file input_36.pdb (PDB, C-alpha atoms, pLDDT in the B column)
MODEL        1
ATOM      1  CA  MET A   1     -17.663  16.218   8.207  1.00 95.00           C
ATOM      2  CA  THR A   2     -13.974  17.043   7.950  1.00 97.00           C
ATOM      3  CA  VAL A   3     -11.029  14.651   7.910  1.00 98.00           C
ATOM      4  CA  LYS A   4      -9.934  14.022  11.510  1.00 97.00           C
ATOM      5  CA  ASP A   5      -8.482  11.145  13.513  1.00 96.00           C
ATOM      6  CA  GLY A   6     -10.875   8.216  13.503  1.00 95.00           C
ATOM      7  CA  ALA A   7     -12.582   9.294  10.283  1.00 96.00           C
ATOM      8  CA  VAL A   8     -12.930   7.082   7.228  1.00 96.00           C
ATOM      9  CA  VAL A   9     -11.690   8.923   4.150  1.00 97.00           C
ATOM     10  CA  ILE A  10     -12.902   7.637   0.775  1.00 96.00           C
ATOM     11  CA  PHE A  11     -11.108   9.228  -2.153  1.00 97.00           C
ATOM     12  CA  ASN A  12     -10.013   8.962  -5.745  1.00 96.00           C
ATOM     13  CA  CYS A  13      -6.279   8.907  -6.266  1.00 96.00           C
ATOM     14  CA  ILE A  14      -4.062   8.858  -9.310  1.00 97.00           C
ATOM     15  CA  ILE A  15      -0.415   8.091  -8.593  1.00 97.00           C
ATOM     16  CA  LYS A  16       2.150   9.154 -11.180  1.00 98.00           C
ATOM     17  CA  ASP A  17       5.907   8.931 -11.355  1.00 97.00           C
ATOM     18  CA  ALA A  18       8.053  12.064 -11.758  1.00 96.00           C
ATOM     19  CA  GLU A  19       7.711  11.850 -15.564  1.00 97.00           C
ATOM     20  CA  GLY A  20       3.903  11.832 -15.314  1.00 96.00           C
ATOM     21  CA  GLU A  21       3.364   8.161 -16.149  1.00 97.00           C
ATOM     22  CA  VAL A  22       0.289   6.822 -14.354  1.00 97.00           C
ATOM     23  CA  LEU A  23       1.245   4.017 -11.954  1.00 97.00           C
ATOM     24  CA  GLU A  24      -2.143   3.588 -10.251  1.00 95.00           C
ATOM     25  CA  ASP A  25      -5.612   5.006 -10.804  1.00 95.00           C
ATOM     26  CA  SER A  26      -8.348   4.391  -8.229  1.00 91.00           C
ATOM     27  CA  THR A  27     -11.052   6.381 -10.029  1.00 83.00           C
ATOM     28  CA  ALA A  28     -12.825   3.158 -11.097  1.00 84.00           C
ATOM     29  CA  GLY A  29     -13.006   2.031  -7.449  1.00 89.00           C
ATOM     30  CA  PRO A  30     -12.157   4.581  -4.766  1.00 93.00           C
ATOM     31  CA  ALA A  31      -9.416   4.090  -2.202  1.00 94.00           C
ATOM     32  CA  SER A  32     -10.037   4.467   1.527  1.00 95.00           C
ATOM     33  CA  TYR A  33      -8.269   4.646   4.865  1.00 96.00           C
ATOM     34  CA  ILE A  34      -8.899   5.550   8.505  1.00 96.00           C
ATOM     35  CA  GLN A  35      -7.223   8.836   9.415  1.00 96.00           C
ATOM     36  CA  GLY A  36      -4.739   8.744  12.274  1.00 95.00           C
ATOM     37  CA  ILE A  37      -4.016   5.014  12.589  1.00 93.00           C
ATOM     38  CA  GLY A  38      -1.076   4.781  10.172  1.00 90.00           C
ATOM     39  CA  MET A  39      -2.910   3.312   7.175  1.00 90.00           C
ATOM     40  CA  ALA A  40      -1.883   6.109   4.798  1.00 94.00           C
ATOM     41  CA  LEU A  41       1.417   7.834   4.186  1.00 95.00           C
ATOM     42  CA  PRO A  42       1.884  10.550   6.844  1.00 96.00           C
ATOM     43  CA  ALA A  43       2.235  13.257   4.177  1.00 96.00           C
ATOM     44  CA  ILE A  44      -1.131  12.241   2.688  1.00 96.00           C
ATOM     45  CA  GLU A  45      -2.818  12.261   6.105  1.00 96.00           C
ATOM     46  CA  ASN A  46      -1.323  15.688   6.860  1.00 97.00           C
ATOM     47  CA  ALA A  47      -2.461  17.117   3.512  1.00 97.00           C
ATOM     48  CA  LEU A  48      -6.047  15.880   3.974  1.00 98.00           C
ATOM     49  CA  ALA A  49      -6.470  16.685   7.686  1.00 97.00           C
ATOM     50  CA  GLY A  50      -9.292  19.167   8.225  1.00 97.00           C
ATOM     51  CA  LYS A  51     -10.522  18.908   4.615  1.00 98.00           C
ATOM     52  CA  GLU A  52     -14.055  18.053   3.424  1.00 98.00           C
ATOM     53  CA  PRO A  53     -15.549  16.013   0.580  1.00 98.00           C
ATOM     54  CA  GLY A  54     -14.872  17.706  -2.749  1.00 98.00           C
ATOM     55  CA  PHE A  55     -11.383  18.845  -1.719  1.00 98.00           C
ATOM     56  CA  GLU A  56      -8.787  18.199  -4.434  1.00 98.00           C
ATOM     57  CA  THR A  57      -5.021  18.424  -4.209  1.00 98.00           C
ATOM     58  CA  THR A  58      -1.832  17.327  -5.910  1.00 98.00           C
ATOM     59  CA  ILE A  59       1.039  16.243  -3.689  1.00 97.00           C
ATOM     60  CA  SER A  60       4.583  15.488  -4.848  1.00 97.00           C
ATOM     61  CA  LEU A  61       6.577  13.257  -2.510  1.00 97.00           C
ATOM     62  CA  GLU A  62      10.271  12.489  -2.634  1.00 97.00           C
ATOM     63  CA  PRO A  63      11.177   8.839  -1.912  1.00 97.00           C
ATOM     64  CA  GLU A  64      11.950   9.532   1.758  1.00 96.00           C
ATOM     65  CA  MET A  65       8.380  10.820   2.281  1.00 96.00           C
ATOM     66  CA  ALA A  66       6.773   8.059   0.209  1.00 96.00           C
ATOM     67  CA  PHE A  67       8.090   4.479   0.163  1.00 95.00           C
ATOM     68  CA  GLY A  68      11.735   5.124   1.019  1.00 95.00           C
ATOM     69  CA  PRO A  69      14.924   4.873  -0.976  1.00 97.00           C
ATOM     70  CA  TYR A  70      15.670   1.789  -3.047  1.00 97.00           C
ATOM     71  CA  ASN A  71      17.815  -0.542  -0.921  1.00 96.00           C
ATOM     72  CA  GLU A  72      20.097  -2.895  -2.877  1.00 96.00           C
ATOM     73  CA  GLU A  73      20.512  -5.000   0.286  1.00 94.00           C
ATOM     74  CA  MET A  74      16.834  -5.971  -0.054  1.00 94.00           C
ATOM     75  CA  VAL A  75      17.582  -7.786  -3.333  1.00 95.00           C
ATOM     76  CA  PHE A  76      19.173 -11.200  -3.207  1.00 91.00           C
ATOM     77  CA  SER A  77      19.386 -14.551  -4.940  1.00 94.00           C
ATOM     78  CA  VAL A  78      18.079 -17.801  -3.489  1.00 92.00           C
ATOM     79  CA  PRO A  79      18.665 -21.308  -4.873  1.00 94.00           C
ATOM     80  CA  ILE A  80      15.460 -22.482  -6.537  1.00 91.00           C
ATOM     81  CA  GLU A  81      15.472 -25.700  -4.495  1.00 91.00           C
ATOM     82  CA  GLU A  82      14.687 -23.553  -1.420  1.00 89.00           C
ATOM     83  CA  PHE A  83      11.160 -23.259  -2.831  1.00 86.00           C
ATOM     84  CA  GLU A  84      10.626 -27.044  -2.707  1.00 83.00           C
ATOM     85  CA  GLY A  85       8.929 -27.412  -6.088  1.00 77.00           C
ATOM     86  CA  GLN A  86       6.525 -24.469  -5.653  1.00 83.00           C
ATOM     87  CA  GLU A  87       5.156 -22.967  -8.858  1.00 89.00           C
ATOM     88  CA  LEU A  88       7.048 -19.670  -9.185  1.00 91.00           C
ATOM     89  CA  ALA A  89       6.418 -16.701 -11.455  1.00 93.00           C
ATOM     90  CA  VAL A  90       7.967 -13.260 -11.842  1.00 95.00           C
ATOM     91  CA  GLY A  91       5.889 -10.775  -9.855  1.00 93.00           C
ATOM     92  CA  MET A  92       4.722 -13.384  -7.328  1.00 93.00           C
ATOM     93  CA  GLU A  93       4.507 -11.977  -3.785  1.00 91.00           C
ATOM     94  CA  PHE A  94       4.734 -13.732  -0.442  1.00 82.00           C
ATOM     95  CA  LEU A  95       5.541 -13.425   3.248  1.00 79.00           C
ATOM     96  CA  PRO A  96       8.314 -15.923   3.942  1.00 68.00           C
ATOM     97  CA  ASP A  97       7.833 -16.744   7.641  1.00 65.00           C
ATOM     98  CA  GLU A  98       5.598 -15.610  10.478  1.00 62.00           C
ATOM     99  CA  ASP A  99       8.632 -15.140  12.736  1.00 56.00           C
ATOM    100  CA  MET A 100      10.369 -12.765  10.323  1.00 55.00           C
ATOM    101  CA  GLU A 101       9.722  -9.053   9.861  1.00 63.00           C
ATOM    102  CA  GLN A 102       6.567  -8.615   7.770  1.00 74.00           C
ATOM    103  CA  ILE A 103       8.166  -7.759   4.426  1.00 83.00           C
ATOM    104  CA  VAL A 104       6.405  -8.618   1.197  1.00 88.00           C
ATOM    105  CA  TRP A 105       8.960 -10.280  -1.051  1.00 90.00           C
ATOM    106  CA  ARG A 106       8.535 -10.260  -4.820  1.00 94.00           C
ATOM    107  CA  VAL A 107      10.078 -12.610  -7.328  1.00 95.00           C
ATOM    108  CA  SER A 108      11.881 -10.214  -9.648  1.00 95.00           C
ATOM    109  CA  SER A 109      13.492 -12.851 -11.879  1.00 95.00           C
ATOM    110  CA  ILE A 110      14.064 -16.569 -12.251  1.00 94.00           C
ATOM    111  CA  GLU A 111      17.365 -17.563 -13.785  1.00 89.00           C
ATOM    112  CA  ASP A 112      18.184 -21.261 -14.285  1.00 86.00           C
ATOM    113  CA  ASP A 113      18.553 -22.528 -10.693  1.00 90.00           C
ATOM    114  CA  THR A 114      18.268 -19.152  -8.929  1.00 94.00           C
ATOM    115  CA  VAL A 115      15.330 -16.988  -7.845  1.00 94.00           C
ATOM    116  CA  VAL A 116      15.970 -13.264  -7.359  1.00 96.00           C
ATOM    117  CA  LEU A 117      13.845 -11.782  -4.536  1.00 94.00           C
ATOM    118  CA  ASN A 118      13.211  -8.100  -3.920  1.00 96.00           C
ATOM    119  CA  GLY A 119      11.907  -6.779  -0.594  1.00 93.00           C
ATOM    120  CA  ASN A 120      11.683  -3.151  -1.710  1.00 95.00           C
ATOM    121  CA  HIS A 121       8.263  -1.586  -2.216  1.00 94.00           C
ATOM    122  CA  PRO A 122       7.624  -1.381  -5.983  1.00 93.00           C
ATOM    123  CA  TYR A 123       7.738   2.444  -5.730  1.00 96.00           C
ATOM    124  CA  ALA A 124      10.857   2.624  -3.521  1.00 97.00           C
ATOM    125  CA  GLY A 125      13.324   5.215  -4.752  1.00 97.00           C
ATOM    126  CA  MET A 126      10.698   7.037  -6.811  1.00 98.00           C
ATOM    127  CA  THR A 127       9.384  10.573  -6.555  1.00 98.00           C
ATOM    128  CA  LEU A 128       5.600  10.185  -6.679  1.00 98.00           C
ATOM    129  CA  ILE A 129       2.803  12.581  -7.565  1.00 98.00           C
ATOM    130  CA  PHE A 130      -0.566  11.945  -5.898  1.00 98.00           C
ATOM    131  CA  GLU A 131      -3.669  13.564  -7.416  1.00 97.00           C
ATOM    132  CA  ILE A 132      -6.379  13.202  -4.764  1.00 97.00           C
ATOM    133  CA  LYS A 133     -10.066  14.094  -4.548  1.00 97.00           C
ATOM    134  CA  ILE A 134     -11.958  13.399  -1.319  1.00 98.00           C
ATOM    135  CA  LEU A 135     -15.309  11.767  -2.068  1.00 97.00           C
ATOM    136  CA  GLU A 136     -16.645  10.987   1.401  1.00 96.00           C
ATOM    137  CA  VAL A 137     -15.692  11.425   5.052  1.00 97.00           C
ATOM    138  CA  ARG A 138     -17.484   9.618   7.873  1.00 97.00           C
ATOM    139  CA  GLU A 139     -16.830   8.323  11.370  1.00 96.00           C
ATOM    140  CA  ALA A 140     -15.164   4.902  11.442  1.00 95.00           C
ATOM    141  CA  THR A 141     -17.315   2.206  13.009  1.00 94.00           C
ATOM    142  CA  PRO A 142     -16.092   0.440  16.154  1.00 93.00           C
ATOM    143  CA  LYS A 143     -15.503  -2.710  14.037  1.00 94.00           C
ATOM    144  CA  GLU A 144     -13.418  -0.759  11.516  1.00 94.00           C
ATOM    145  CA  LEU A 145     -11.282   0.658  14.314  1.00 92.00           C
ATOM    146  CA  GLU A 146     -10.966  -2.785  15.891  1.00 91.00           C
ATOM    147  CA  HIS A 147      -9.954  -4.408  12.575  1.00 91.00           C
ATOM    148  CA  GLY A 148      -7.717  -1.499  11.547  1.00 89.00           C
ATOM    149  CA  HIS A 149      -9.225  -1.006   8.094  1.00 91.00           C
ATOM    150  CA  VAL A 150     -12.281   0.325   6.287  1.00 93.00           C
ATOM    151  CA  HIS A 151     -15.272  -1.946   5.649  1.00 92.00           C
ATOM    152  CA  LEU A 152     -16.889  -1.122   2.331  1.00 80.00           C
ATOM    153  CA  HIS A 153     -20.058  -2.572   0.812  1.00 66.00           C
ATOM    154  CA  GLY A 154     -21.177  -4.333   3.987  1.00 53.00           C
ATOM    155  CA  ASP A 155     -17.836  -6.105   4.614  1.00 54.00           C
ATOM    156  CA  GLU A 156     -18.118  -6.658   8.370  1.00 54.00           C
ATOM    157  CA  HIS A 157     -16.068  -9.870   8.673  1.00 52.00           C
ATOM    158  CA  GLU A 158     -19.088 -11.872   9.791  1.00 47.00           C
ATOM    159  CA  GLU A 159     -16.915 -14.966   9.953  1.00 45.00           C
ATOM    160  CA  ASP A 160     -14.778 -13.287  12.642  1.00 44.00           C
ATOM    161  CA  GLU A 161     -17.701 -12.962  15.052  1.00 41.00           C
TER
ENDMDL
END
call {"tool": "encode", "arguments": {"input": "input_36.pdb", "output": "structure tokens"}}
result
Amino acid sequence: MTVKDGAVVIFNCIIKDAEGEVLEDSTAGPASYIQGIGMALPAIENALAGKEPGFETTISLEPEMAFGPYNEEMVFSVPIEEFEGQELAVGMEFLPDEDMEQIVWRVSSIEDDTVVLNGNHPYAGMTLIFEIKILEVREATPKELEHGHVHLHGDEHEEDE
């Protein structure tokens, strides 16, 4: 089967920065997505469309095609008392409020009585190199399409039934 809309694509991926430093390596546990529903970067979906298991490629993406430019306006300081005694740590991630845009905020530093939050993707502003090998392509199940993600190893969300 080839990669087409509605297909589950299971693949190994090594992501490197422009200097060749490995940022992520999925070879120990493959990555997956459903083609055509916006789960993967558009440039990755375009590069894999029509390909079969065994296909390998290396794709270099500028920030605008990957996770966008780094936006200084997405970094700001918040008084620590705003966190009402929560245990905070650098690197901690959270969604602040259901009514707000769904941005994952990361604690980038804690300084005395101030917490610095960063809403940029960790790879924002970076040119990224993706080394990809397709391992498997199959039709997505109706449940996977309904849930909007791949179910691996029997993960069918039984509790959602």
call {"tool": "residues_near_point", "arguments": {"input": "input_36.pdb", "point": "(6.8, -9.1, -3.5)", "cutoff": "9 Å", "atoms": "all atoms listed in the file", "output": "PDB file with C-alpha atoms, keeping the file's coordinate frame"}}
result
ATOM      1  CA  GLY A  91       5.889 -10.775  -9.855  1.00 93.00           C
ATOM      2  CA  MET A  92       4.722 -13.384  -7.328  1.00 93.00           C
ATOM      3  CA  GLU A  93       4.507 -11.977  -3.785  1.00 91.00           C
ATOM      4  CA  PHE A  94       4.734 -13.732  -0.442  1.00 82.00           C
ATOM      5  CA  LEU A  95       5.541 -13.425   3.248  1.00 79.00           C
ATOM      6  CA  ILE A 103       8.166  -7.759   4.426  1.00 83.00           C
ATOM      7  CA  VAL A 104       6.405  -8.618   1.197  1.00 88.00           C
ATOM      8  CA  TRP A 105       8.960 -10.280  -1.051  1.00 90.00           C
ATOM      9  CA  ARG A 106       8.535 -10.260  -4.820  1.00 94.00           C
ATOM     10  CA  VAL A 107      10.078 -12.610  -7.328  1.00 95.00           C
ATOM     11  CA  SER A 108      11.881 -10.214  -9.648  1.00 95.00           C
ATOM     12  CA  LEU A 117      13.845 -11.782  -4.536  1.00 94.00           C
ATOM     13  CA  ASN A 118      13.211  -8.100  -3.920  1.00 96.00           C
ATOM     14  CA  GLY A 119      11.907  -6.779  -0.594  1.00 93.00           C
ATOM     15  CA  ASN A 120      11.683  -3.151  -1.710  1.00 95.00           C
ATOM     16  CA  HIS A 121       8.263  -1.586  -2.216  1.00 94.00           C
ATOM     17  CA  PRO A 122       7.624  -1.381  -5.983  1.00 93.00           C
TER      18      PRO A 122
END
call {"tool": "atom_distance", "arguments": {"input": "input_36.pdb", "atom1": "CA of Pro42 in chain A", "atom2": "CA of His151 in chain A"}}
result
21.3 Å
call {"tool": "closest_residue", "arguments": {"input": "input_36.pdb", "among": "A:Met39, A:Ala140, A:Ile44, A:Ser109", "to": "Ala66 in chain A", "atoms": "all atoms listed in the file"}}
result
A:Ile44
call {"tool": "residues_near_point", "arguments": {"input": "input_36.pdb", "point": "(10.2, 9.4, -7.1)", "cutoff": "10 Å", "atoms": "only C-alpha atoms", "output": "list in words"}}
result
Lys16, Asp17, Ala18, Glu19, Ser60, Leu61, Glu62, Pro63, Glu64, Met65, Ala66, Phe67, Gly68, Pro69, Tyr123, Ala124, Gly125, Met126, Thr127, Leu128 and Ile129 of chain A
call {"tool": "atom_distance", "arguments": {"input": "input_36.pdb", "atom1": "CA of Ser32 in chain A", "atom2": "CA of His149 in chain A"}}
result
8.6 Å
call {"tool": "closest_residue", "arguments": {"input": "input_36.pdb", "among": "A:Asn12, A:Tyr70, A:Ile80, A:Gly6", "to": "Lys143 in chain A", "atoms": "only C-alpha atoms"}}
result
A:Gly6
call {"tool": "atom_distance", "arguments": {"input": "input_36.pdb", "atom1": "CA of Val90 in chain A", "atom2": "CA of Ala31 in chain A"}}
result
26.4 Å
call {"tool": "closest_residue", "arguments": {"input": "input_36.pdb", "among": "A:Gly148, A:Phe76, A:Pro142, A:Ile10", "to": "Gly38 in chain A", "atoms": "only C-alpha atoms"}}
result
A:Gly148
